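> Below is start_28.cif; it holds mmCIF, N, CA and C atoms.
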data_structure
loop_
_atom_site.label_atom_id
_atom_site.label_comp_id
_atom_site.auth_asym_id
_atom_site.auth_seq_id
_atom_site.Cartn_x
_atom_site.Cartn_y
_atom_site.Cartn_z
N MET A 1 -2.88 31.81 -28.15
CA MET A 1 -3.20 32.60 -29.31
C MET A 1 -2.09 33.65 -29.49
N LEU A 2 -1.64 33.80 -30.70
CA LEU A 2 -0.61 34.78 -31.00
C LEU A 2 -1.21 36.16 -31.15
N ARG A 3 -0.45 37.14 -30.79
CA ARG A 3 -0.86 38.54 -30.90
C ARG A 3 -0.79 38.97 -32.35
N PRO A 4 -1.86 39.56 -32.88
CA PRO A 4 -1.79 40.06 -34.26
C PRO A 4 -0.72 41.14 -34.38
N GLU A 5 0.00 41.13 -35.50
CA GLU A 5 1.09 42.09 -35.72
C GLU A 5 0.61 43.54 -35.69
N SER A 6 -0.64 43.78 -36.05
CA SER A 6 -1.15 45.15 -36.08
C SER A 6 -1.46 45.69 -34.69
N GLU A 7 -1.54 44.82 -33.71
CA GLU A 7 -1.84 45.22 -32.35
C GLU A 7 -0.57 45.78 -31.69
N PRO A 8 -0.63 47.01 -31.16
CA PRO A 8 0.59 47.60 -30.57
C PRO A 8 1.02 46.85 -29.31
N TYR A 9 2.33 46.80 -29.13
CA TYR A 9 2.90 46.16 -27.95
C TYR A 9 2.68 47.09 -26.76
N PRO A 10 2.23 46.58 -25.60
CA PRO A 10 2.03 47.47 -24.44
C PRO A 10 3.30 48.26 -24.12
N GLY A 11 3.15 49.54 -23.95
CA GLY A 11 4.28 50.40 -23.63
C GLY A 11 5.06 50.90 -24.82
N ALA A 12 4.65 50.52 -26.03
CA ALA A 12 5.40 50.86 -27.23
C ALA A 12 5.46 52.36 -27.51
N THR A 13 4.56 53.12 -26.92
CA THR A 13 4.56 54.56 -27.15
C THR A 13 4.82 55.36 -25.87
N ALA A 14 5.15 54.66 -24.80
CA ALA A 14 5.38 55.33 -23.51
C ALA A 14 6.61 56.22 -23.58
N SER A 15 6.51 57.37 -22.97
CA SER A 15 7.67 58.27 -22.89
C SER A 15 8.63 57.77 -21.81
N ALA A 16 9.83 58.28 -21.84
CA ALA A 16 10.81 57.94 -20.81
C ALA A 16 10.28 58.31 -19.42
N GLN A 17 9.58 59.45 -19.33
CA GLN A 17 9.03 59.88 -18.05
C GLN A 17 7.94 58.94 -17.56
N GLN A 18 7.13 58.41 -18.47
CA GLN A 18 6.09 57.47 -18.08
C GLN A 18 6.69 56.15 -17.60
N VAL A 19 7.72 55.68 -18.29
CA VAL A 19 8.40 54.46 -17.86
C VAL A 19 9.06 54.68 -16.51
N LEU A 20 9.62 55.86 -16.30
CA LEU A 20 10.22 56.20 -15.02
C LEU A 20 9.17 56.17 -13.91
N GLN A 21 7.99 56.71 -14.16
CA GLN A 21 6.92 56.68 -13.16
C GLN A 21 6.54 55.24 -12.81
N LEU A 22 6.47 54.38 -13.81
CA LEU A 22 6.16 52.97 -13.55
C LEU A 22 7.27 52.33 -12.72
N ALA A 23 8.52 52.62 -13.04
CA ALA A 23 9.65 52.11 -12.27
C ALA A 23 9.55 52.56 -10.81
N ASN A 24 9.18 53.82 -10.60
CA ASN A 24 9.04 54.33 -9.23
C ASN A 24 7.97 53.56 -8.46
N GLU A 25 6.89 53.19 -9.13
CA GLU A 25 5.84 52.43 -8.46
C GLU A 25 6.33 51.04 -8.06
N TYR A 26 7.09 50.39 -8.95
CA TYR A 26 7.65 49.08 -8.60
C TYR A 26 8.70 49.19 -7.50
N ARG A 27 9.42 50.28 -7.48
CA ARG A 27 10.40 50.51 -6.41
C ARG A 27 9.69 50.64 -5.07
N THR A 28 8.61 51.41 -5.06
CA THR A 28 7.82 51.56 -3.84
C THR A 28 7.27 50.20 -3.40
N ALA A 29 6.77 49.44 -4.35
CA ALA A 29 6.24 48.11 -4.04
C ALA A 29 7.33 47.20 -3.47
N ALA A 30 8.53 47.26 -4.04
CA ALA A 30 9.63 46.42 -3.54
C ALA A 30 9.93 46.75 -2.09
N HIS A 31 9.98 48.03 -1.76
CA HIS A 31 10.27 48.40 -0.38
C HIS A 31 9.13 48.03 0.56
N THR A 32 7.92 48.12 0.08
CA THR A 32 6.76 47.71 0.89
C THR A 32 6.81 46.20 1.13
N LEU A 33 7.11 45.45 0.09
CA LEU A 33 7.18 43.99 0.21
C LEU A 33 8.37 43.53 1.05
N LEU A 34 9.42 44.32 1.07
CA LEU A 34 10.58 43.98 1.88
C LEU A 34 10.18 43.81 3.35
N ALA A 35 9.32 44.69 3.81
CA ALA A 35 8.87 44.64 5.20
C ALA A 35 8.04 43.39 5.50
N GLN A 36 7.50 42.76 4.46
CA GLN A 36 6.68 41.56 4.64
C GLN A 36 7.51 40.28 4.74
N GLY A 37 8.79 40.37 4.37
CA GLY A 37 9.65 39.20 4.40
C GLY A 37 9.95 38.74 5.82
N LYS A 38 10.20 37.43 5.93
CA LYS A 38 10.48 36.83 7.24
C LYS A 38 11.92 36.32 7.26
N LYS A 39 12.57 36.50 8.39
CA LYS A 39 13.94 36.02 8.56
C LYS A 39 14.00 34.51 8.35
N LYS A 40 15.07 34.09 7.70
CA LYS A 40 15.35 32.67 7.45
C LYS A 40 14.27 32.00 6.61
N GLN A 41 13.50 32.81 5.86
CA GLN A 41 12.49 32.28 4.94
C GLN A 41 12.67 32.99 3.59
N PRO A 42 13.65 32.55 2.79
CA PRO A 42 13.97 33.25 1.55
C PRO A 42 12.78 33.41 0.61
N LEU A 43 11.88 32.45 0.57
CA LEU A 43 10.72 32.58 -0.31
C LEU A 43 9.84 33.77 0.05
N SER A 44 9.85 34.15 1.31
CA SER A 44 9.02 35.29 1.72
C SER A 44 9.54 36.60 1.14
N ARG A 45 10.76 36.60 0.64
CA ARG A 45 11.35 37.79 0.03
C ARG A 45 11.26 37.78 -1.50
N ALA A 46 10.77 36.69 -2.07
CA ALA A 46 10.69 36.57 -3.54
C ALA A 46 9.86 37.69 -4.17
N PRO A 47 8.70 38.06 -3.63
CA PRO A 47 7.95 39.17 -4.24
C PRO A 47 8.72 40.49 -4.23
N CYS A 48 9.43 40.76 -3.17
CA CYS A 48 10.27 41.96 -3.09
C CYS A 48 11.36 41.89 -4.15
N ARG A 49 12.01 40.74 -4.23
CA ARG A 49 13.11 40.53 -5.18
C ARG A 49 12.63 40.75 -6.61
N LEU A 50 11.49 40.16 -6.97
CA LEU A 50 10.97 40.30 -8.33
C LEU A 50 10.61 41.76 -8.62
N SER A 51 9.97 42.42 -7.68
CA SER A 51 9.61 43.83 -7.88
C SER A 51 10.85 44.71 -8.02
N ALA A 52 11.86 44.43 -7.21
CA ALA A 52 13.09 45.22 -7.27
C ALA A 52 13.80 45.04 -8.61
N ILE A 53 13.92 43.80 -9.06
CA ILE A 53 14.59 43.54 -10.34
C ILE A 53 13.79 44.17 -11.48
N HIS A 54 12.47 44.07 -11.42
CA HIS A 54 11.66 44.66 -12.47
C HIS A 54 11.80 46.19 -12.47
N ALA A 55 11.83 46.78 -11.30
CA ALA A 55 12.00 48.23 -11.21
C ALA A 55 13.34 48.66 -11.80
N ILE A 56 14.40 47.92 -11.50
CA ILE A 56 15.72 48.23 -12.06
C ILE A 56 15.67 48.16 -13.58
N GLU A 57 15.04 47.12 -14.10
CA GLU A 57 14.90 46.98 -15.55
C GLU A 57 14.15 48.18 -16.13
N LEU A 58 13.08 48.59 -15.48
CA LEU A 58 12.30 49.73 -15.97
C LEU A 58 13.10 51.03 -15.89
N TYR A 59 13.89 51.20 -14.86
CA TYR A 59 14.74 52.40 -14.78
C TYR A 59 15.69 52.45 -15.97
N PHE A 60 16.33 51.32 -16.26
CA PHE A 60 17.21 51.29 -17.42
C PHE A 60 16.44 51.54 -18.71
N ASN A 61 15.24 50.98 -18.81
CA ASN A 61 14.42 51.21 -20.01
C ASN A 61 14.14 52.70 -20.18
N ALA A 62 13.78 53.36 -19.10
CA ALA A 62 13.50 54.80 -19.17
C ALA A 62 14.74 55.56 -19.65
N LEU A 63 15.89 55.19 -19.13
CA LEU A 63 17.13 55.86 -19.53
C LEU A 63 17.44 55.62 -21.00
N LEU A 64 17.31 54.39 -21.44
CA LEU A 64 17.62 54.06 -22.83
C LEU A 64 16.65 54.74 -23.79
N ILE A 65 15.39 54.82 -23.42
CA ILE A 65 14.41 55.53 -24.25
C ILE A 65 14.75 57.02 -24.28
N GLU A 66 15.12 57.56 -23.13
CA GLU A 66 15.53 58.97 -23.05
C GLU A 66 16.73 59.24 -23.96
N LYS A 67 17.62 58.26 -24.06
CA LYS A 67 18.81 58.40 -24.91
C LYS A 67 18.50 58.17 -26.39
N GLY A 68 17.24 57.85 -26.72
CA GLY A 68 16.85 57.71 -28.11
C GLY A 68 16.73 56.30 -28.64
N MET A 69 16.88 55.30 -27.80
CA MET A 69 16.74 53.92 -28.26
C MET A 69 15.27 53.62 -28.55
N GLU A 70 15.03 52.89 -29.61
CA GLU A 70 13.67 52.51 -29.98
C GLU A 70 13.11 51.51 -28.95
N HIS A 71 11.81 51.60 -28.73
CA HIS A 71 11.16 50.71 -27.77
C HIS A 71 11.38 49.24 -28.12
N ALA A 72 11.30 48.90 -29.40
CA ALA A 72 11.49 47.51 -29.84
C ALA A 72 12.90 47.03 -29.51
N GLN A 73 13.89 47.90 -29.64
CA GLN A 73 15.26 47.52 -29.31
C GLN A 73 15.40 47.27 -27.80
N VAL A 74 14.74 48.09 -27.01
CA VAL A 74 14.77 47.91 -25.56
C VAL A 74 14.11 46.58 -25.20
N ARG A 75 12.97 46.28 -25.81
CA ARG A 75 12.27 45.01 -25.56
C ARG A 75 13.14 43.82 -25.92
N ASP A 76 13.92 43.96 -26.99
CA ASP A 76 14.77 42.86 -27.44
C ASP A 76 15.87 42.51 -26.43
N LEU A 77 16.11 43.37 -25.48
CA LEU A 77 17.11 43.09 -24.45
C LEU A 77 16.60 42.08 -23.42
N ARG A 78 15.31 41.80 -23.50
CA ARG A 78 14.64 40.89 -22.57
C ARG A 78 14.90 41.34 -21.15
N HIS A 79 15.38 40.47 -20.28
CA HIS A 79 15.58 40.85 -18.88
C HIS A 79 17.06 40.97 -18.53
N CYS A 80 17.88 41.25 -19.52
CA CYS A 80 19.33 41.28 -19.33
C CYS A 80 19.78 42.65 -18.80
N LEU A 81 20.02 42.70 -17.50
CA LEU A 81 20.44 43.96 -16.88
C LEU A 81 21.87 44.33 -17.28
N SER A 82 22.72 43.33 -17.50
CA SER A 82 24.11 43.65 -17.86
C SER A 82 24.19 44.33 -19.23
N GLN A 83 23.34 43.94 -20.18
CA GLN A 83 23.32 44.62 -21.47
C GLN A 83 22.80 46.05 -21.30
N ARG A 84 21.79 46.23 -20.49
CA ARG A 84 21.25 47.57 -20.25
C ARG A 84 22.32 48.46 -19.61
N LEU A 85 23.07 47.89 -18.68
CA LEU A 85 24.15 48.62 -18.02
C LEU A 85 25.18 49.07 -19.05
N GLU A 86 25.55 48.18 -19.94
CA GLU A 86 26.53 48.50 -20.97
C GLU A 86 26.01 49.61 -21.90
N LEU A 87 24.76 49.49 -22.30
CA LEU A 87 24.18 50.49 -23.21
C LEU A 87 23.98 51.84 -22.53
N ALA A 88 23.80 51.83 -21.22
CA ALA A 88 23.61 53.08 -20.48
C ALA A 88 24.87 53.94 -20.53
N GLY A 89 26.03 53.30 -20.62
CA GLY A 89 27.27 54.03 -20.72
C GLY A 89 27.77 54.57 -19.39
N ASN A 90 28.83 55.33 -19.46
CA ASN A 90 29.49 55.84 -18.26
C ASN A 90 28.75 56.99 -17.60
N GLY A 91 27.81 57.61 -18.28
CA GLY A 91 27.12 58.78 -17.74
C GLY A 91 26.31 58.50 -16.50
N LEU A 92 26.01 57.24 -16.26
CA LEU A 92 25.21 56.89 -15.09
C LEU A 92 26.05 56.94 -13.81
N ASN A 93 27.35 56.73 -13.93
CA ASN A 93 28.29 56.81 -12.80
C ASN A 93 27.88 55.97 -11.59
N LEU A 94 27.56 54.69 -11.84
CA LEU A 94 27.24 53.79 -10.74
C LEU A 94 28.52 53.38 -10.02
N LYS A 95 28.38 53.07 -8.75
CA LYS A 95 29.51 52.53 -8.01
C LYS A 95 29.92 51.20 -8.63
N LYS A 96 31.20 50.87 -8.54
CA LYS A 96 31.68 49.61 -9.10
C LYS A 96 30.94 48.43 -8.48
N LYS A 97 30.70 48.49 -7.19
CA LYS A 97 30.00 47.40 -6.51
C LYS A 97 28.59 47.22 -7.08
N THR A 98 27.96 48.32 -7.44
CA THR A 98 26.61 48.26 -8.02
C THR A 98 26.67 47.68 -9.43
N SER A 99 27.61 48.16 -10.23
CA SER A 99 27.77 47.63 -11.59
C SER A 99 28.06 46.13 -11.56
N ASP A 100 28.97 45.73 -10.68
CA ASP A 100 29.30 44.31 -10.56
C ASP A 100 28.07 43.51 -10.13
N HIS A 101 27.28 44.07 -9.25
CA HIS A 101 26.08 43.39 -8.78
C HIS A 101 25.08 43.18 -9.92
N LEU A 102 24.90 44.20 -10.75
CA LEU A 102 23.98 44.08 -11.88
C LEU A 102 24.42 42.96 -12.83
N ILE A 103 25.71 42.83 -13.03
CA ILE A 103 26.23 41.75 -13.87
C ILE A 103 25.96 40.40 -13.21
N ASP A 104 26.15 40.32 -11.90
CA ASP A 104 25.87 39.08 -11.16
C ASP A 104 24.39 38.71 -11.21
N VAL A 105 23.52 39.70 -11.09
CA VAL A 105 22.07 39.45 -11.14
C VAL A 105 21.72 38.79 -12.47
N THR A 106 22.33 39.28 -13.54
CA THR A 106 22.08 38.69 -14.86
C THR A 106 22.66 37.29 -14.96
N SER A 107 23.92 37.13 -14.57
CA SER A 107 24.57 35.82 -14.74
C SER A 107 23.94 34.75 -13.84
N ASN A 108 23.40 35.15 -12.70
CA ASN A 108 22.74 34.20 -11.79
C ASN A 108 21.27 33.99 -12.14
N ARG A 109 20.81 34.68 -13.19
CA ARG A 109 19.43 34.55 -13.66
C ARG A 109 18.42 34.83 -12.54
N GLU A 110 18.72 35.84 -11.75
CA GLU A 110 17.89 36.12 -10.58
C GLU A 110 16.45 36.48 -10.92
N TYR A 111 16.24 37.07 -12.10
CA TYR A 111 14.87 37.38 -12.50
C TYR A 111 14.05 36.09 -12.57
N LEU A 112 14.62 35.07 -13.21
CA LEU A 112 13.91 33.80 -13.32
C LEU A 112 13.80 33.09 -11.98
N VAL A 113 14.85 33.16 -11.18
CA VAL A 113 14.83 32.53 -9.86
C VAL A 113 13.73 33.16 -9.00
N ALA A 114 13.65 34.48 -9.02
CA ALA A 114 12.62 35.16 -8.21
C ALA A 114 11.22 34.82 -8.70
N ARG A 115 11.11 34.63 -9.98
CA ARG A 115 9.80 34.39 -10.58
C ARG A 115 9.33 32.94 -10.44
N TYR A 116 10.26 32.00 -10.58
CA TYR A 116 9.86 30.59 -10.63
C TYR A 116 10.57 29.69 -9.63
N GLY A 117 11.65 30.16 -9.02
CA GLY A 117 12.51 29.28 -8.23
C GLY A 117 12.01 29.04 -6.82
N ALA A 118 11.05 28.17 -6.68
CA ALA A 118 10.50 27.86 -5.35
C ALA A 118 11.56 27.29 -4.42
N GLU A 119 12.61 26.73 -4.99
CA GLU A 119 13.68 26.18 -4.14
C GLU A 119 14.65 27.28 -3.70
N MET A 120 14.55 28.48 -4.28
CA MET A 120 15.37 29.65 -3.94
C MET A 120 16.81 29.29 -3.62
N PRO A 121 17.60 29.02 -4.65
CA PRO A 121 19.01 28.67 -4.41
C PRO A 121 19.78 29.79 -3.72
N GLU A 122 20.87 29.42 -3.14
CA GLU A 122 21.69 30.37 -2.39
C GLU A 122 22.42 31.36 -3.29
N ALA A 123 22.36 31.19 -4.60
CA ALA A 123 23.12 32.03 -5.54
C ALA A 123 22.51 33.41 -5.73
N VAL A 124 21.39 33.69 -5.11
CA VAL A 124 20.77 35.00 -5.29
C VAL A 124 21.43 36.04 -4.39
N SER A 125 21.24 37.28 -4.75
CA SER A 125 21.81 38.41 -4.00
C SER A 125 21.21 38.50 -2.60
N GLU A 126 22.00 39.08 -1.73
CA GLU A 126 21.43 39.47 -0.43
C GLU A 126 20.36 40.51 -0.71
N ILE A 127 19.28 40.45 -0.01
CA ILE A 127 18.17 41.36 -0.28
C ILE A 127 18.58 42.82 -0.03
N ASN A 128 19.44 43.06 0.95
CA ASN A 128 19.89 44.43 1.22
C ASN A 128 20.76 44.95 0.06
N ARG A 129 21.56 44.07 -0.55
CA ARG A 129 22.37 44.48 -1.71
C ARG A 129 21.45 44.81 -2.88
N LEU A 130 20.41 44.00 -3.07
CA LEU A 130 19.48 44.22 -4.17
C LEU A 130 18.73 45.55 -4.00
N THR A 131 18.26 45.83 -2.81
CA THR A 131 17.54 47.09 -2.62
C THR A 131 18.48 48.30 -2.69
N ALA A 132 19.73 48.12 -2.29
CA ALA A 132 20.71 49.20 -2.43
C ALA A 132 20.98 49.48 -3.91
N THR A 133 21.08 48.43 -4.71
CA THR A 133 21.26 48.60 -6.15
C THR A 133 20.04 49.28 -6.74
N LEU A 134 18.86 48.84 -6.36
CA LEU A 134 17.62 49.45 -6.82
C LEU A 134 17.62 50.95 -6.53
N ASP A 135 17.95 51.32 -5.31
CA ASP A 135 17.90 52.73 -4.94
C ASP A 135 18.94 53.57 -5.67
N GLU A 136 20.14 53.03 -5.84
CA GLU A 136 21.17 53.79 -6.56
C GLU A 136 20.79 53.98 -8.02
N VAL A 137 20.37 52.89 -8.67
CA VAL A 137 19.96 53.00 -10.08
C VAL A 137 18.78 53.95 -10.20
N GLY A 138 17.78 53.80 -9.33
CA GLY A 138 16.59 54.65 -9.38
C GLY A 138 16.91 56.12 -9.21
N ASP A 139 17.74 56.43 -8.24
CA ASP A 139 18.08 57.84 -7.99
C ASP A 139 18.85 58.45 -9.16
N LYS A 140 19.83 57.71 -9.67
CA LYS A 140 20.66 58.26 -10.74
C LYS A 140 19.92 58.38 -12.06
N VAL A 141 19.11 57.39 -12.39
CA VAL A 141 18.33 57.46 -13.62
C VAL A 141 17.30 58.59 -13.53
N SER A 142 16.68 58.73 -12.37
CA SER A 142 15.67 59.79 -12.19
C SER A 142 16.26 61.17 -12.45
N LYS A 143 17.47 61.40 -11.96
CA LYS A 143 18.12 62.68 -12.17
C LYS A 143 18.36 62.96 -13.65
N ILE A 144 18.73 61.92 -14.39
CA ILE A 144 19.00 62.09 -15.82
C ILE A 144 17.71 62.30 -16.61
N VAL A 145 16.73 61.46 -16.35
CA VAL A 145 15.49 61.52 -17.14
C VAL A 145 14.68 62.77 -16.80
N MET A 146 14.67 63.15 -15.55
CA MET A 146 13.86 64.30 -15.14
C MET A 146 14.65 65.60 -15.28
N GLY A 147 15.93 65.48 -15.57
CA GLY A 147 16.74 66.68 -15.81
C GLY A 147 17.10 67.33 -14.58
#
Show me this structure written as structure tokens.


Amino acid sequence: MLRPESEPYPGATASAQQVLQLANEYRTAAHTLLAQGKKKQPLSRAPCRLSAIHAIELYFNALLIEKGMEHAQVRDLRHCLSQRLELAGNGLNLKKKTSDHLIDVTSNREYLVARYGAEMPEAVSEINRLTATLDEVGDKVSKIVMG
């Protein structure tokens, strides 16, 4: 069933601070799930991976909303972290390694792999690299949004 046009999209009126709070919850969940992963069992890390990628996306959403972007425009970016990175601009001052990683996450379609890829191809990020990216993005966006 299609959603009626008059029905508001979830999150359409959320403030940047509210989106940031949601991102923080997913970040906490990612770190909690990281501890549940098992060595040499990549699928056991999929829930952590999905939560981490979603948290990164939410952090960028909070930043873009804070910068004045309309919610609908943010939604239109889908799950493309590299576009969010570009729109965030230089003010975020991410390390080059982190910026490069965000581009790789997008090009490797890691969001979809984490969500549906039961075969978990080797093309996904190291989990430690992903959580390091999550923490850097989270810390820097939080400083900007919270002032």

> Excluding Leu94 in chain A and any residue of its chain fewer than 3 positions from it, enumerate the residues within 9 Å of it, using only C-alpha atoms, and give them as a PDB file with N, CA and C atoms, keeping the file's coordinate frame.


ATOM      1  N   ASN A  90      28.830  55.330 -19.460  1.00  0.00           N
ATOM      2  CA  ASN A  90      29.490  55.840 -18.260  1.00  0.00           C
ATOM      3  C   ASN A  90      28.750  56.990 -17.600  1.00  0.00           C
ATOM      4  N   GLY A  91      27.810  57.610 -18.280  1.00  0.00           N
ATOM      5  CA  GLY A  91      27.120  58.780 -17.740  1.00  0.00           C
ATOM      6  C   GLY A  91      26.310  58.500 -16.500  1.00  0.00           C
ATOM      7  N   LYS A  97      30.700  48.490  -7.190  1.00  0.00           N
ATOM      8  CA  LYS A  97      30.000  47.400  -6.510  1.00  0.00           C
ATOM      9  C   LYS A  97      28.590  47.220  -7.080  1.00  0.00           C
ATOM     10  N   THR A  98      27.960  48.320  -7.440  1.00  0.00           N
ATOM     11  CA  THR A  98      26.610  48.260  -8.020  1.00  0.00           C
ATOM     12  C   THR A  98      26.670  47.680  -9.430  1.00  0.00           C
ATOM     13  N   SER A  99      27.610  48.160 -10.230  1.00  0.00           N
ATOM     14  CA  SER A  99      27.770  47.630 -11.590  1.00  0.00           C
ATOM     15  C   SER A  99      28.060  46.130 -11.560  1.00  0.00           C
ATOM     16  N   GLU A 136      20.140  53.030  -5.840  1.00  0.00           N
ATOM     17  CA  GLU A 136      21.170  53.790  -6.560  1.00  0.00           C
ATOM     18  C   GLU A 136      20.790  53.980  -8.020  1.00  0.00           C
ATOM     19  N   VAL A 137      20.370  52.890  -8.670  1.00  0.00           N
ATOM     20  CA  VAL A 137      19.960  53.000 -10.080  1.00  0.00           C
ATOM     21  C   VAL A 137      18.780  53.950 -10.200  1.00  0.00           C
ATOM     22  N   LYS A 140      19.830  57.710  -9.670  1.00  0.00           N
ATOM     23  CA  LYS A 140      20.660  58.260 -10.740  1.00  0.00           C
ATOM     24  C   LYS A 140      19.920  58.380 -12.060  1.00  0.00           C
TER      25      LYS A 140
END

> Between atom C of Asp100 in chain A and CA of Ala30 in chain A, what is the distance, to one decimal in Å?

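Separation between atom C of Asp100 in chain A and CA of Ala30 in chain A: 19.8 Å.
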
> Which range 19-105 of chain A residues have any atom within 10 Å of an atom of range 124-132 of chain A, and for each, what is the nearest pair of atoms with distance in Å to one decimal, counting only C-alpha atoms, rows sorted by chain and number, as a Markdown table?


| residue | atom | partner | partner_atom | distance |
| --- | --- | --- | --- | --- |
| A:Arg27 | CA | A:Thr131 | CA | 8.8 |
| A:Ala30 | CA | A:Thr131 | CA | 8.0 |
| A:His31 | CA | A:Thr131 | CA | 7.7 |
| A:Leu34 | CA | A:Ile127 | CA | 8.3 |
| A:Gly37 | CA | A:Ile127 | CA | 10.0 |
| A:Pro42 | CA | A:Ile127 | CA | 9.3 |
| A:Arg45 | CA | A:Ile127 | CA | 7.7 |
| A:Ala46 | CA | A:Ile127 | CA | 9.5 |
| A:Cys48 | CA | A:Ile127 | CA | 8.4 |
| A:Arg49 | CA | A:Ile127 | CA | 7.1 |
| A:Ala52 | CA | A:Thr131 | CA | 6.7 |
| A:Ile53 | CA | A:Leu130 | CA | 7.9 |
| A:Ile56 | CA | A:Leu130 | CA | 9.6 |
| A:Lys97 | CA | A:Arg129 | CA | 9.5 |
| A:Thr98 | CA | A:Ala132 | CA | 8.2 |
| A:His101 | CA | A:Arg129 | CA | 8.1 |
| A:Leu102 | CA | A:Leu130 | CA | 8.9 |
| A:Asp104 | CA | A:Ser125 | CA | 8.3 |
| A:Val105 | CA | A:Ser125 | CA | 7.2 |

> Could you state the separation of CA of Ala118 in chain A and atom N of Asn24 in chain A in Å, given to one decimal place?

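So the two atoms, CA of Ala118 in chain A and atom N of Asn24 in chain A, lie 26.5 Å apart.
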
> Report, in Å to a single decimal, how far apart atom C of Lys96 in chain A and atom C of Gly138 in chain A are.

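Separating atom C of Gly138 in chain A from atom C of Lys96 in chain A is a distance of 16.0 Å.
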
> Taking the backbone alone, and naming residues the way the document does, which bits of chain A are alpha helix (DSSP H) by DSSP, as a ChimeraX atom specification?

/A:16-34,46-66,71-75,81-88,96-107,110-116,127-146

> I'd like the residues picked by the PyMOL selection byres ((chain A and resi 23) around 8) written out as a ChimeraX atom specification, using the chain letters and numbers from the file.

/A:17-22,24-29,54-60,138

> Any idea what's packed within 7 Å of Ala72 in chain A, counting only N, CA and C atoms, ignoring anything in its chain fewer than 4 positions away? Could you give it as a ChimeraX atom specification?

/A:12,76-77

> Select, from A:Cys80, A:Ile103, A:Glu110, A:Gly89, the residue with the minimum atom-to-atom distance to Lys67 in chain A, counting only C-alpha atoms.

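Residue with the minimum atom-to-atom distance to Lys67 in chain A: A:Gly89.
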
> Check the smallest atom-to-atom distance from each of A:Lys38, A:Arg115, A:His71, A:Arg109 to Leu50 in chain A using only C-alpha atoms, then report the winner.

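With only C-alpha atoms as the atom set, the closest residue is A:Arg115.
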
> Please evaluate the PyMOL selection byres (((chain A and resi 66 and name CA) around 9) and name CA) against the displayed coordinates and give the resulting residues as a PDB file with N, CA and C atoms, in the coordinates of the input.


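Result file is selection_15.pdb:
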ATOM      1  N   SER A  15       6.510  57.370 -22.970  1.00  0.00           N
ATOM      2  CA  SER A  15       7.670  58.270 -22.890  1.00  0.00           C
ATOM      3  C   SER A  15       8.630  57.770 -21.810  1.00  0.00           C
ATOM      4  N   ALA A  16       9.830  58.280 -21.840  1.00  0.00           N
ATOM      5  CA  ALA A  16      10.810  57.940 -20.810  1.00  0.00           C
ATOM      6  C   ALA A  16      10.280  58.310 -19.420  1.00  0.00           C
ATOM      7  N   GLN A  17       9.580  59.450 -19.330  1.00  0.00           N
ATOM      8  CA  GLN A  17       9.030  59.880 -18.050  1.00  0.00           C
ATOM      9  C   GLN A  17       7.940  58.940 -17.560  1.00  0.00           C
ATOM     10  N   ASN A  61      15.240  50.980 -18.810  1.00  0.00           N
ATOM     11  CA  ASN A  61      14.420  51.210 -20.010  1.00  0.00           C
ATOM     12  C   ASN A  61      14.140  52.700 -20.180  1.00  0.00           C
ATOM     13  N   ALA A  62      13.780  53.360 -19.100  1.00  0.00           N
ATOM     14  CA  ALA A  62      13.500  54.800 -19.170  1.00  0.00           C
ATOM     15  C   ALA A  62      14.740  55.560 -19.650  1.00  0.00           C
ATOM     16  N   LEU A  63      15.890  55.190 -19.130  1.00  0.00           N
ATOM     17  CA  LEU A  63      17.130  55.860 -19.530  1.00  0.00           C
ATOM     18  C   LEU A  63      17.440  55.620 -21.000  1.00  0.00           C
ATOM     19  N   LEU A  64      17.310  54.390 -21.440  1.00  0.00           N
ATOM     20  CA  LEU A  64      17.620  54.060 -22.830  1.00  0.00           C
ATOM     21  C   LEU A  64      16.650  54.740 -23.790  1.00  0.00           C
ATOM     22  N   ILE A  65      15.390  54.820 -23.420  1.00  0.00           N
ATOM     23  CA  ILE A  65      14.410  55.530 -24.250  1.00  0.00           C
ATOM     24  C   ILE A  65      14.750  57.020 -24.280  1.00  0.00           C
ATOM     25  N   LYS A  67      17.620  58.260 -24.060  1.00  0.00           N
ATOM     26  CA  LYS A  67      18.810  58.400 -24.910  1.00  0.00           C
ATOM     27  C   LYS A  67      18.500  58.170 -26.390  1.00  0.00           C
ATOM     28  N   GLY A  68      17.240  57.850 -26.720  1.00  0.00           N
ATOM     29  CA  GLY A  68      16.850  57.710 -28.110  1.00  0.00           C
ATOM     30  C   GLY A  68      16.730  56.300 -28.640  1.00  0.00           C
ATOM     31  N   MET A  69      16.880  55.300 -27.800  1.00  0.00           N
ATOM     32  CA  MET A  69      16.740  53.920 -28.260  1.00  0.00           C
ATOM     33  C   MET A  69      15.270  53.620 -28.550  1.00  0.00           C
ATOM     34  N   ILE A 144      18.730  61.920 -14.390  1.00  0.00           N
ATOM     35  CA  ILE A 144      19.000  62.090 -15.820  1.00  0.00           C
ATOM     36  C   ILE A 144      17.710  62.300 -16.610  1.00  0.00           C
ATOM     37  N   VAL A 145      16.730  61.460 -16.350  1.00  0.00           N
ATOM     38  CA  VAL A 145      15.490  61.520 -17.140  1.00  0.00           C
ATOM     39  C   VAL A 145      14.680  62.770 -16.800  1.00  0.00           C
TER      40      VAL A 145
END

> Here is a test: counting only C-alpha atoms, which residue of A:Gln41, A:Lys95, A:Ala14, A:Glu70 is nearest to Glu122 in chain A?

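Closest to Glu122 in chain A of all the choices is A:Gln41.
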
> Pick from A:Val74, A:Leu43, A:Tyr9, A:Leu33: nearest to Gly117 in chain A, with all atoms listed in the file counted?

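So, comparing all the options, the nearest one is A:Leu43.
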
> Hey, which of A:Thr133, A:Ser51, A:Thr13, A:Ser82 ends up closest to Ser107 in chain A? Count only N, CA and C atoms.

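For Ser107 in chain A, the nearest of the candidates is A:Ser82.
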